[in-house]
file upload-v3.csv (CSV, C-alpha atoms)
chain,number,residue,atom,x,y,z
A,23,MET,CA,1.4,136.4,162.6
A,24,THR,CA,2.1,133.2,160.6
A,25,GLY,CA,5.4,132.0,159.2
A,26,ASN,CA,4.3,133.0,155.7
A,27,ASP,CA,3.6,136.5,157.0
A,28,ASN,CA,7.1,136.7,158.5
A,29,ILE,CA,8.7,135.5,155.2
A,30,SER,CA,6.7,138.1,153.3
A,31,ASN,CA,7.7,140.9,155.6
A,32,LYS,CA,11.4,139.9,155.3
A,33,GLN,CA,11.1,140.0,151.5
A,34,GLU,CA,9.4,143.4,151.6
A,35,ASN,CA,12.1,144.8,153.8
A,36,LYS,CA,14.8,143.7,151.3
A,37,TRP,CA,13.2,145.2,148.2
A,38,PRO,CA,13.8,148.9,149.1
A,39,TRP,CA,17.6,148.4,149.1
A,40,ILE,CA,17.5,147.8,145.4
A,41,TRP,CA,16.6,151.5,145.0
A,42,LEU,CA,20.1,152.4,146.0
A,43,ALA,CA,21.1,151.7,142.4
A,44,TYR,CA,20.0,155.2,141.6
A,45,THR,CA,22.9,156.6,143.7
A,46,GLY,CA,25.1,155.7,140.8
A,47,PHE,CA,24.3,159.1,139.3
A,48,LEU,CA,26.3,160.7,142.1
A,49,PHE,CA,29.5,159.2,140.8
A,50,ILE,CA,29.2,160.3,137.2
A,51,ASP,CA,30.9,163.7,137.7
A,52,PRO,CA,33.7,162.3,139.9
A,53,ILE,CA,34.5,159.7,137.3
A,54,LEU,CA,34.3,162.1,134.3
A,55,GLU,CA,36.1,164.9,136.1
A,56,PRO,CA,38.1,163.3,138.9
A,57,SER,CA,39.4,165.4,141.7
A,58,ARG,CA,40.1,164.7,145.4
A,59,ASN,CA,37.7,167.3,146.7
A,60,LEU,CA,34.9,166.1,144.5
A,61,TRP,CA,35.4,162.5,145.4
A,62,LEU,CA,35.6,163.3,149.2
A,63,GLY,CA,32.4,165.4,148.9
A,64,THR,CA,30.6,162.8,146.9
A,65,ILE,CA,31.5,160.0,149.4
A,66,ALA,CA,30.4,162.2,152.3
A,67,VAL,CA,27.1,162.9,150.6
A,68,PHE,CA,26.6,159.2,149.8
A,69,VAL,CA,27.2,158.2,153.4
A,70,THR,CA,24.8,160.8,154.6
A,71,PHE,CA,22.1,159.6,152.2
A,72,LEU,CA,22.7,156.0,153.3
A,73,THR,CA,21.9,157.1,156.9
A,74,LEU,CA,18.7,158.9,155.7
A,75,PHE,CA,17.7,156.0,153.6
A,76,TYR,CA,18.2,153.5,156.4
A,77,GLY,CA,16.1,155.6,158.7
A,78,TYR,CA,13.3,155.9,156.2
A,79,VAL,CA,13.2,152.1,155.5
A,80,ARG,CA,13.1,151.3,159.2
A,81,SER,CA,10.3,153.8,159.7
A,82,THR,CA,7.7,151.5,158.4
A,83,ASP,CA,4.5,153.2,159.6
A,84,GLU,CA,2.8,155.5,157.0
A,85,GLY,CA,2.4,159.1,158.1
A,86,ARG,CA,5.0,159.0,160.9
A,87,PRO,CA,6.7,162.4,161.4
A,88,LEU,CA,10.1,160.7,161.1
A,89,ARG,CA,9.4,159.8,157.5
A,90,PHE,CA,8.6,163.4,156.6
A,91,TRP,CA,11.9,164.5,158.2
A,92,MET,CA,13.8,161.9,156.2
A,93,ILE,CA,12.1,163.1,152.9
A,94,GLY,CA,12.8,166.7,153.7
A,95,ALA,CA,16.4,166.0,154.5
A,96,THR,CA,16.8,164.1,151.2
A,97,ILE,CA,15.5,167.1,149.3
A,98,LEU,CA,17.7,169.4,151.2
A,99,LEU,CA,20.7,167.2,150.5
A,100,GLY,CA,19.9,167.4,146.8
A,101,LEU,CA,19.7,171.2,146.9
A,102,ILE,CA,23.1,171.4,148.7
A,103,THR,CA,24.9,168.9,146.5
A,104,PHE,CA,23.5,169.9,143.1
A,105,PRO,CA,25.6,173.1,142.7
A,106,TRP,CA,28.9,171.0,142.5
A,107,ASN,CA,27.6,167.6,141.5
A,108,ALA,CA,24.8,167.4,138.8
A,109,GLY,CA,24.1,163.8,139.9
A,110,ALA,CA,22.5,165.1,143.0
A,111,THR,CA,19.3,165.4,141.1
A,112,THR,CA,18.8,161.7,142.0
A,113,PHE,CA,17.9,162.8,145.5
A,114,PHE,CA,14.8,164.5,144.1
A,115,VAL,CA,13.9,161.3,142.4
A,116,TYR,CA,14.3,159.4,145.8
A,117,ALA,CA,12.1,162.0,147.5
A,118,ALA,CA,9.5,161.5,144.8
A,119,GLY,CA,9.7,157.7,145.3
A,120,PHE,CA,9.3,158.1,149.0
A,121,LEU,CA,6.3,160.5,149.0
A,122,PRO,CA,3.5,158.1,147.8
A,123,PHE,CA,4.3,155.7,150.6
A,124,SER,CA,4.2,158.4,153.2
A,125,ILE,CA,1.3,160.6,152.1
A,126,GLU,CA,-2.1,159.0,151.3
A,127,SER,CA,-3.5,162.0,149.4
A,128,LYS,CA,-2.8,161.6,145.7
A,129,SER,CA,-3.4,165.4,145.1
A,130,ARG,CA,-0.9,166.4,147.8
A,131,VAL,CA,1.7,164.0,146.3
A,132,LEU,CA,1.3,165.4,142.8
A,133,SER,CA,1.6,168.9,144.2
A,134,LEU,CA,4.9,168.0,145.8
A,135,PHE,CA,6.1,166.5,142.5
A,136,PHE,CA,5.3,169.7,140.8
A,137,ALA,CA,7.1,171.7,143.5
A,138,GLU,CA,10.2,169.4,143.2
A,139,SER,CA,10.2,169.9,139.4
A,140,LEU,CA,10.2,173.7,139.8
A,141,ALA,CA,13.1,173.5,142.3
A,142,ILE,CA,15.1,171.3,139.9
A,143,LEU,CA,14.6,173.8,137.0
A,144,ALA,CA,15.3,176.8,139.2
A,145,GLU,CA,18.5,175.3,140.7
A,146,ALA,CA,19.7,174.2,137.2
A,147,TYR,CA,19.1,177.6,135.9
A,148,VAL,CA,20.9,179.4,138.8
A,149,PHE,CA,23.9,177.1,139.1
A,150,ARG,CA,24.3,176.0,135.5
A,151,ALA,CA,23.5,179.4,133.9
A,152,PRO,CA,26.5,179.4,131.5
A,153,GLY,CA,25.6,176.1,130.1
A,154,PHE,CA,22.0,175.9,131.1
A,155,PHE,CA,20.4,175.1,127.7
A,156,HIS,CA,23.0,172.4,126.6
A,157,ILE,CA,23.9,171.0,130.1
A,158,GLY,CA,21.6,172.1,132.9
A,159,LEU,CA,18.3,171.9,131.1
A,160,PRO,CA,18.8,168.4,129.6
A,161,ASN,CA,19.9,167.1,133.0
A,162,ALA,CA,16.9,168.7,134.6
A,163,ILE,CA,14.5,167.2,132.1
A,164,VAL,CA,16.0,163.8,132.6
A,165,CYS,CA,15.6,164.2,136.4
A,166,ILE,CA,12.0,165.4,136.1
A,167,PHE,CA,11.2,162.5,133.7
A,168,LEU,CA,12.6,160.0,136.3
A,169,LEU,CA,10.8,161.8,139.0
A,170,VAL,CA,7.4,161.5,137.2
A,171,VAL,CA,7.9,157.9,136.1
A,172,ILE,CA,9.2,156.6,139.4
A,173,GLY,CA,7.0,158.7,141.6
A,174,GLY,CA,3.9,158.0,139.5
A,175,GLY,CA,4.6,154.3,139.5
A,176,ASN,CA,5.0,154.4,143.3
A,177,ILE,CA,1.6,156.0,143.7
A,178,PHE,CA,0.1,152.9,142.1
A,179,PHE,CA,2.2,150.6,144.3
A,180,ALA,CA,1.5,152.5,147.4
A,181,GLU,CA,-2.3,152.4,146.8
A,182,GLN,CA,-2.0,148.7,146.1
A,183,LYS,CA,-0.1,148.2,149.4
A,184,ARG,CA,-2.7,150.1,151.3
A,185,ALA,CA,-5.4,148.0,149.7
A,186,ASP,CA,-3.6,144.8,150.7
A,187,CYS,CA,-3.2,146.1,154.2
A,188,LYS,CA,-6.9,146.9,154.5
A,189,LEU,CA,-7.8,143.4,153.0
A,190,ARG,CA,-5.5,141.8,155.5
A,191,LEU,CA,-7.0,143.7,158.4
A,192,ALA,CA,-10.5,142.8,157.1
A,193,GLN,CA,-9.6,139.1,156.9
A,194,GLU,CA,-8.1,139.2,160.4
A,195,GLU,CA,-11.3,140.9,161.7
A,196,ASN,CA,-13.5,138.3,159.9
A,197,VAL,CA,-11.5,135.5,161.6
A,198,ALA,CA,-11.9,137.2,165.0
A,199,LEU,CA,-15.7,137.7,164.4
A,200,ALA,CA,-16.0,134.1,163.2
A,201,ALA,CA,-14.3,133.0,166.4
A,202,VAL,CA,-16.7,135.1,168.5
A,203,ALA,CA,-19.7,133.8,166.6
A,204,GLU,CA,-18.6,130.2,167.1
A,205,ARG,CA,-18.1,130.8,170.8
A,206,GLU,CA,-21.6,132.3,171.0
A,207,ARG,CA,-23.0,129.4,169.0
A,208,ILE,CA,-21.4,126.9,171.4
A,209,ALA,CA,-22.6,128.9,174.4
A,210,ARG,CA,-26.2,128.9,173.1
A,211,ASP,CA,-26.2,125.3,172.1
A,212,LEU,CA,-24.6,124.1,175.4
A,213,HIS,CA,-27.2,126.2,177.3
A,214,ASP,CA,-30.0,124.6,175.3
A,215,VAL,CA,-28.6,121.1,175.4
A,216,LEU,CA,-27.5,121.0,179.1
A,217,GLY,CA,-30.4,123.1,180.3
A,218,HIS,CA,-32.9,120.7,178.9
A,219,THR,CA,-31.2,117.4,179.8
A,220,LEU,CA,-30.1,118.5,183.3
A,221,SER,CA,-33.7,119.5,183.9
A,222,VAL,CA,-34.9,116.0,182.9
A,223,ILE,CA,-32.2,114.4,185.1
A,224,VAL,CA,-33.4,116.5,188.1
A,225,LEU,CA,-37.0,115.7,187.5
A,226,LYS,CA,-36.4,112.0,187.2
A,227,ALA,CA,-34.0,111.9,190.1
A,228,GLU,CA,-36.6,113.6,192.3
A,229,LEU,CA,-39.3,111.2,191.1
A,230,ALA,CA,-37.0,108.2,191.8
A,231,GLY,CA,-36.4,109.6,195.3
A,232,ARG,CA,-40.1,109.8,196.0
A,233,LEU,CA,-40.7,106.3,194.7
A,234,VAL,CA,-37.7,104.5,196.2
A,235,GLU,CA,-39.8,103.3,199.2
A,236,THR,CA,-43.3,103.0,197.7
A,237,ASP,CA,-42.4,101.6,194.3
A,238,PRO,CA,-38.8,100.4,194.1
A,239,GLN,CA,-39.3,98.9,190.7
A,240,ARG,CA,-40.4,102.1,189.1
A,241,ALA,CA,-37.7,104.0,191.0
A,242,ALA,CA,-35.1,101.7,189.5
A,243,HIS,CA,-36.6,102.4,186.1
A,244,GLU,CA,-36.4,106.2,186.6
A,245,ILE,CA,-32.7,105.9,187.7
A,246,ALA,CA,-32.0,103.9,184.5
A,247,ASP,CA,-33.6,106.8,182.6
A,248,VAL,CA,-31.4,109.2,184.5
A,249,GLU,CA,-28.3,107.3,183.4
A,250,LYS,CA,-29.6,107.1,179.8
A,251,THR,CA,-30.3,110.8,179.7
A,252,ALA,CA,-26.9,111.7,181.2
A,253,ARG,CA,-25.2,109.6,178.4
A,254,THR,CA,-27.3,111.4,175.8
A,255,ALA,CA,-26.3,114.7,177.3
A,256,LEU,CA,-22.7,113.8,177.0
A,257,SER,CA,-23.1,112.9,173.4
A,258,GLU,CA,-25.0,116.1,172.7
A,259,VAL,CA,-22.4,118.2,174.3
A,260,ARG,CA,-19.8,116.7,172.0
A,261,GLU,CA,-22.1,117.4,169.0
A,262,ALA,CA,-22.5,121.0,170.2
A,263,ILE,CA,-18.8,121.6,170.4
A,264,GLY,CA,-18.2,120.0,167.0
A,265,GLY,CA,-21.2,121.7,165.3
A,266,TYR,CA,-24.6,120.8,166.5
A,267,ARG,CA,-26.9,118.9,164.1
A,268,SER,CA,-30.3,117.9,165.5
A,269,GLN,CA,-32.0,114.6,164.9
A,270,GLY,CA,-35.1,116.2,163.4
A,271,LEU,CA,-38.3,117.8,164.6
A,272,THR,CA,-40.1,114.5,164.9
A,273,ALA,CA,-37.5,113.1,167.3
A,274,GLU,CA,-37.5,116.4,169.2
A,275,MET,CA,-41.2,116.4,169.6
A,276,GLU,CA,-41.1,112.9,171.0
A,277,GLN,CA,-38.4,113.9,173.5
A,278,ALA,CA,-40.5,117.0,174.4
A,279,ARG,CA,-43.5,114.8,175.1
A,280,LYS,CA,-41.5,112.5,177.4
A,281,THR,CA,-39.9,115.4,179.3
A,282,LEU,CA,-43.3,117.2,179.8
A,283,GLN,CA,-44.9,113.9,180.8
A,284,SER,CA,-42.3,113.4,183.5
A,285,ALA,CA,-43.2,116.9,184.8
A,286,GLY,CA,-46.9,116.2,184.7
A,287,VAL,CA,-47.6,118.4,181.7
A,288,ALA,CA,-49.8,117.2,178.9
A,289,LEU,CA,-48.5,118.0,175.4
A,290,SER,CA,-50.7,118.4,172.3
A,291,CYS,CA,-49.2,118.9,168.8
A,292,GLU,CA,-52.0,120.0,166.6
A,293,SER,CA,-50.4,120.1,163.2
A,294,PRO,CA,-48.1,117.9,161.1
A,295,VAL,CA,-44.3,118.6,161.4
A,296,PRO,CA,-43.3,120.6,158.3
A,297,GLN,CA,-40.4,119.7,155.9
A,298,LEU,CA,-37.6,122.2,156.5
A,299,ASN,CA,-33.9,122.4,155.6
A,300,ALA,CA,-31.3,121.3,158.1
A,301,THR,CA,-30.6,124.8,159.4
A,302,GLU,CA,-34.2,125.8,159.9
A,303,GLU,CA,-35.0,122.4,161.5
A,304,THR,CA,-32.1,122.7,163.9
A,305,ALA,CA,-33.2,126.2,165.0
A,306,LEU,CA,-36.8,125.0,165.6
A,307,CYS,CA,-35.5,121.9,167.5
A,308,LEU,CA,-33.5,124.0,169.8
A,309,THR,CA,-36.4,126.4,170.2
A,310,VAL,CA,-38.8,123.6,171.2
A,311,ARG,CA,-36.1,122.3,173.6
A,312,GLU,CA,-35.6,125.7,175.3
A,313,ALA,CA,-39.4,126.3,175.5
A,314,VAL,CA,-40.0,122.9,177.1
A,315,THR,CA,-37.2,123.4,179.5
A,316,ASN,CA,-38.7,126.8,180.6
A,317,ILE,CA,-42.1,125.2,181.0
A,318,VAL,CA,-40.7,122.5,183.2
A,319,ARG,CA,-38.6,124.9,185.3
A,320,HIS,CA,-40.8,127.9,185.7
A,321,ALA,CA,-44.3,127.7,184.2
A,322,LYS,CA,-46.1,125.3,186.7
A,323,ALA,CA,-48.3,124.4,183.8
A,324,LYS,CA,-50.7,121.5,183.2
A,325,GLN,CA,-51.1,121.9,179.4
A,326,CYS,CA,-48.7,122.7,176.6
A,327,ARG,CA,-49.7,123.1,172.9
A,328,ILE,CA,-47.4,123.2,169.9
A,329,ARG,CA,-48.5,124.1,166.4
A,330,PHE,CA,-46.6,124.3,163.1
A,331,ALA,CA,-48.1,126.4,160.4
A,332,ARG,CA,-47.6,128.9,157.5
A,333,SER,CA,-48.2,132.5,158.3
A,334,GLU,CA,-50.2,134.7,155.9
A,335,ASP,CA,-47.0,136.4,154.6
A,336,GLY,CA,-45.3,133.1,153.8
A,337,TYR,CA,-43.3,132.4,156.9
A,338,HIS,CA,-42.9,129.0,158.6
A,339,SER,CA,-44.4,129.4,162.0
A,340,LEU,CA,-44.1,127.6,165.3
A,341,LEU,CA,-46.5,128.5,168.1
A,342,ILE,CA,-45.9,127.2,171.7
A,343,THR,CA,-48.4,128.0,174.4
A,344,ASP,CA,-48.8,126.8,178.0
A,345,ASP,CA,-51.4,127.5,180.7
A,346,GLY,CA,-48.9,128.3,183.4
A,347,ALA,CA,-48.9,131.1,185.9
A,348,GLN,CA,-45.8,133.2,184.9
A,349,PRO,CA,-46.8,136.9,184.9
A,350,LYS,CA,-43.3,138.2,184.0
A,351,ILE,CA,-40.8,137.1,181.4
A,352,ARG,CA,-37.2,137.9,181.9
A,353,GLU,CA,-35.0,137.4,178.8
A,354,GLY,CA,-32.1,135.3,180.0
A,355,ASN,CA,-29.5,133.4,178.1
A,356,GLY,CA,-32.0,130.8,176.8
A,357,LEU,CA,-34.5,133.3,175.3
A,358,ARG,CA,-31.7,135.5,174.1
A,359,GLY,CA,-30.0,132.6,172.3
A,360,MET,CA,-33.3,131.6,170.8
A,361,ARG,CA,-33.9,135.1,169.5
A,362,GLU,CA,-30.4,135.4,168.1
A,363,ARG,CA,-30.7,132.0,166.4
A,364,VAL,CA,-34.0,132.9,164.8
A,365,GLN,CA,-32.9,136.4,163.7
A,366,ALA,CA,-29.7,134.9,162.1
A,367,LEU,CA,-32.1,133.1,159.7
A,368,GLY,CA,-34.0,136.3,159.0
A,369,GLY,CA,-36.9,135.2,161.2
A,370,ARG,CA,-39.0,136.8,163.9
A,371,LEU,CA,-39.7,135.9,167.5
A,372,SER,CA,-42.4,137.2,169.9
A,373,VAL,CA,-43.2,136.3,173.4
A,374,THR,CA,-46.5,137.2,175.1
A,375,THR,CA,-48.2,136.4,178.5
A,376,SER,CA,-52.0,136.4,178.7
A,377,PRO,CA,-52.3,134.0,180.5
A,378,GLY,CA,-49.5,131.6,180.4
A,379,VAL,CA,-46.7,132.1,177.9
A,380,THR,CA,-47.0,132.1,174.1
A,381,ILE,CA,-43.9,131.9,172.0
A,382,LEU,CA,-44.3,132.6,168.2
A,383,ILE,CA,-41.3,131.8,165.9
A,384,GLU,CA,-41.5,132.7,162.2
A,385,LEU,CA,-38.9,131.7,159.7
A,386,PRO,CA,-38.7,132.7,156.0
A,387,HIS,CA,-40.1,130.1,153.7
A,388,THR,CA,-37.3,128.4,151.7
A,389,THR,CA,-38.7,125.0,150.8
A,390,ASP,CA,-41.9,123.7,149.5
A,391,THR,CA,-44.3,122.3,152.1
A,392,HIS,CA,-47.8,121.0,151.7
A,393,ASN,CA,-51.0,120.9,153.8
A,394,GLU,CA,-49.8,123.5,156.3
A,395,PRO,CA,-52.7,125.4,157.9
A,396,THR,CA,-52.6,129.2,158.2
A,397,LEU,CA,-51.5,130.3,161.7
A,398,SER,CA,-53.6,132.3,164.1
A,399,THR,CA,-52.2,133.1,167.5
A,400,ASP,CA,-55.7,132.7,169.0
A,401,SER,CA,-55.5,129.3,170.8
A,402,SER,CA,-59.3,129.0,170.6
A,403,GLU,CA,-58.9,128.2,166.9
A,404,ILE,CA,-56.7,125.1,167.5
A,405,LYS,CA,-58.6,122.0,166.6
A,406,ALA,CA,-58.3,118.3,166.1
A,407,PRO,CA,-55.1,117.4,167.9
A,408,LEU,CA,-52.9,114.9,166.0
A,409,LEU,CA,-50.8,113.9,169.0
A,410,THR,CA,-51.9,114.2,172.6
A,411,THR,CA,-50.8,112.8,175.9
call {"tool": "encode", "arguments": {"input": "upload-v3.csv", "output": "structure tokens"}}
result
Amino acid sequence: MTGNDNISNKQENKWPWIWLAYTGFLFIDPILEPSRNLWLGTIAVFVTFLTLFYGYVRSTDEGRPLRFWMIGATILLGLITFPWNAGATTFFVYAAGFLPFSIESKSRVLSLFFAESLAILAEAYVFRAPGFFHIGLPNAIVCIFLLVVIGGGNIFFAEQKRADCKLRLAQEENVALAAVAERERIARDLHDVLGHTLSVIVLKAELAGRLVETDPQRAAHEIADVEKTARTALSEVREAIGGYRSQGLTAEMEQARKTLQSAGVALSCESPVPQLNATEETALCLTVREAVTNIVRHAKAKQCRIRFARSEDGYHSLLITDDGAQPKIREGNGLRGMRERVQALGGRLSVTTSPGVTILIELPHTTDTHNEPTLSTDSSEIKAPLLTT
């Protein structure tokens, strides 16, 4: 809870005490017809009501049984006091004011208003019979009028308060969901970034270890690449925490070529890189990175093919295939993160093995692109490589 919420709650807790102004009706009879017993009785009733009022205000949760007891006690206090103090009708008004904040059903509240009105008329008739039409009835009508006006107004305010509470809860839930989504985003991006770069570092370190005796110069070159890759990884981790933004598909494809080449895998990209918006490009960049990392780690492949295209139903498509021997695919954090990222953009992801692994990513078309071939998942239709190693 913020400081503003605390101030708001303190202000809300002060407002109900203004309602005590209506207890002034209790003192009309003792002032007009002063007597010791009337004054003592009125003061005792006033103190009793203050206790009930304090208990009601402190009982802040809607629907709590304590609130219903307080309202019932207030009505009972009115029924007991009205025979000797006509100002006790104010207790019925208080009860009407309390009910909308304690009962959510509007029909139930209106029914209780009607029952209170009947009780006021009945008690006015019974205890003010000699002067009912010129004293009891006017007092009862004024009380019922206040009951309807104040109670009806409080129905509106109570509904508004409930709506504000629901809105506040929804906002808090949205904040919590946003925090969870951000954590998941960082987890996915860190997995993709670190998984890829650490795999490259391991490959180059192993290669340098094999070459240190036979080709020291190349081994030194590989160690330099390890240092450069580690520094790049550190920078990418910072970007992932702050909000990852890729350097573009072209740069990612070049990095994929270098990574696969280090692992002895030939890459062929058989279509031009499409023009996408930043969000789509980032998703495809991370997809390429994750797929390349999996090929290096698990596939034992010799060839990798990547193709960008437009599917027949208007989706941007990315097809990644390899000739590795990986009969079973287990969906771990990387593939799960890839699927979540694609689905968040309204896209589709499918993974097949026959033989090797084929990953097909499809994203909804949102920008104009040109000269994109129609995609077929049959690798035999891939022709005229534009980039090969």
call {"tool": "residues_around", "arguments": {"input": "upload-v3.csv", "residues": "A:Gly46", "least_positions_apart": "5", "cutoff": "12 Å", "atoms": "all atoms listed in the file", "output": "NGL selection string"}}
result
:A and (40-41 or 51-53 or 64-65 or 68 or 108-113)
call {"tool": "residues_around", "arguments": {"input": "upload-v3.csv", "residues": "A:Leu143", "least_positions_apart": "3", "cutoff": "9 Å", "atoms": "all atoms listed in the file", "output": "PyMOL selection string"}}
result
chain A and resi 138-140+146-148+158-159+162-163+166
call {"tool": "write_last_selection", "arguments": {"input": "upload-v3.csv", "atoms": "C-alpha atoms", "output": "PDB file, keeping the file's coordinate frame"}}
result
ATOM      1  CA  GLU A 138      10.200 169.400 143.200  1.00  0.00           C
ATOM      2  CA  SER A 139      10.200 169.900 139.400  1.00  0.00           C
ATOM      3  CA  LEU A 140      10.200 173.700 139.800  1.00  0.00           C
ATOM      4  CA  ALA A 146      19.700 174.200 137.200  1.00  0.00           C
ATOM      5  CA  TYR A 147      19.100 177.600 135.900  1.00  0.00           C
ATOM      6  CA  VAL A 148      20.900 179.400 138.800  1.00  0.00           C
ATOM      7  CA  GLY A 158      21.600 172.100 132.900  1.00  0.00           C
ATOM      8  CA  LEU A 159      18.300 171.900 131.100  1.00  0.00           C
ATOM      9  CA  ALA A 162      16.900 168.700 134.600  1.00  0.00           C
ATOM     10  CA  ILE A 163      14.500 167.200 132.100  1.00  0.00           C
ATOM     11  CA  ILE A 166      12.000 165.400 136.100  1.00  0.00           C
TER      12      ILE A 166
END
call {"tool": "closest_residue", "arguments": {"input": "upload-v3.csv", "among": "A:Pro160, A:Phe104, A:Phe47, A:Leu168", "to": "A:Ala141", "atoms": "only C-alpha atoms"}}
result
A:Phe104
call {"tool": "atom_distance", "arguments": {"input": "upload-v3.csv", "atom1": "atom CA of A:Thr236", "atom2": "atom CA of A:Ile223"}}
result
20.3 Å
call {"tool": "atom_distance", "arguments": {"input": "upload-v3.csv", "atom1": "atom CA of A:Ala230", "atom2": "atom CA of A:Ala252"}}
result
15.1 Å
call {"tool": "atom_distance", "arguments": {"input": "upload-v3.csv", "atom1": "atom CA of A:Ala118", "atom2": "atom CA of A:Ile172"}}
result
7.3 Å
call {"tool": "residues_around", "arguments": {"input": "upload-v3.csv", "residues": "A:Leu367", "least_positions_apart": "6", "cutoff": "9 Å", "atoms": "all atoms listed in the file", "output": "list in words"}}
result
Thr301, Glu302, Ala305, Leu385 and Pro386 of chain A
call {"tool": "residues_around", "arguments": {"input": "upload-v3.csv", "residues": "A:Tyr337", "least_positions_apart": "6", "cutoff": "9 Å", "atoms": "all atoms listed in the file", "output": "list of chain:residue names"}}
result
A:Ala331, A:Gly369, A:Glu384, A:Leu385, A:Pro386, A:His387, A:Thr388
call {"tool": "residues_around", "arguments": {"input": "upload-v3.csv", "residues": "A:Arg363", "least_positions_apart": "4", "cutoff": "10 Å", "atoms": "only C-alpha atoms", "output": "number ranges by chain"}}
result
A: 207, 210-211, 302, 304-306, 308-309, 357-359, 367-371
call {"tool": "closest_residue", "arguments": {"input": "upload-v3.csv", "among": "A:Ala300, A:Leu72, A:Val79, A:Asn107", "to": "A:Pro56", "atoms": "only C-alpha atoms"}}
result
A:Asn107
call {"tool": "closest_residue", "arguments": {"input": "upload-v3.csv", "among": "A:Leu225, A:Leu98, A:Leu169, A:Val115", "to": "A:Thr45", "atoms": "all atoms listed in the file"}}
result
A:Val115
call {"tool": "closest_residue", "arguments": {"input": "upload-v3.csv", "among": "A:Ser257, A:Asn316, A:Gln297, A:Thr251", "to": "A:Gly270", "atoms": "all atoms listed in the file"}}
result
A:Gln297
call {"tool": "closest_residue", "arguments": {"input": "upload-v3.csv", "among": "A:Ala144, A:Ala255, A:Ile245, A:Ile383", "to": "A:Ala227", "atoms": "all atoms listed in the file"}}
result
A:Ile245
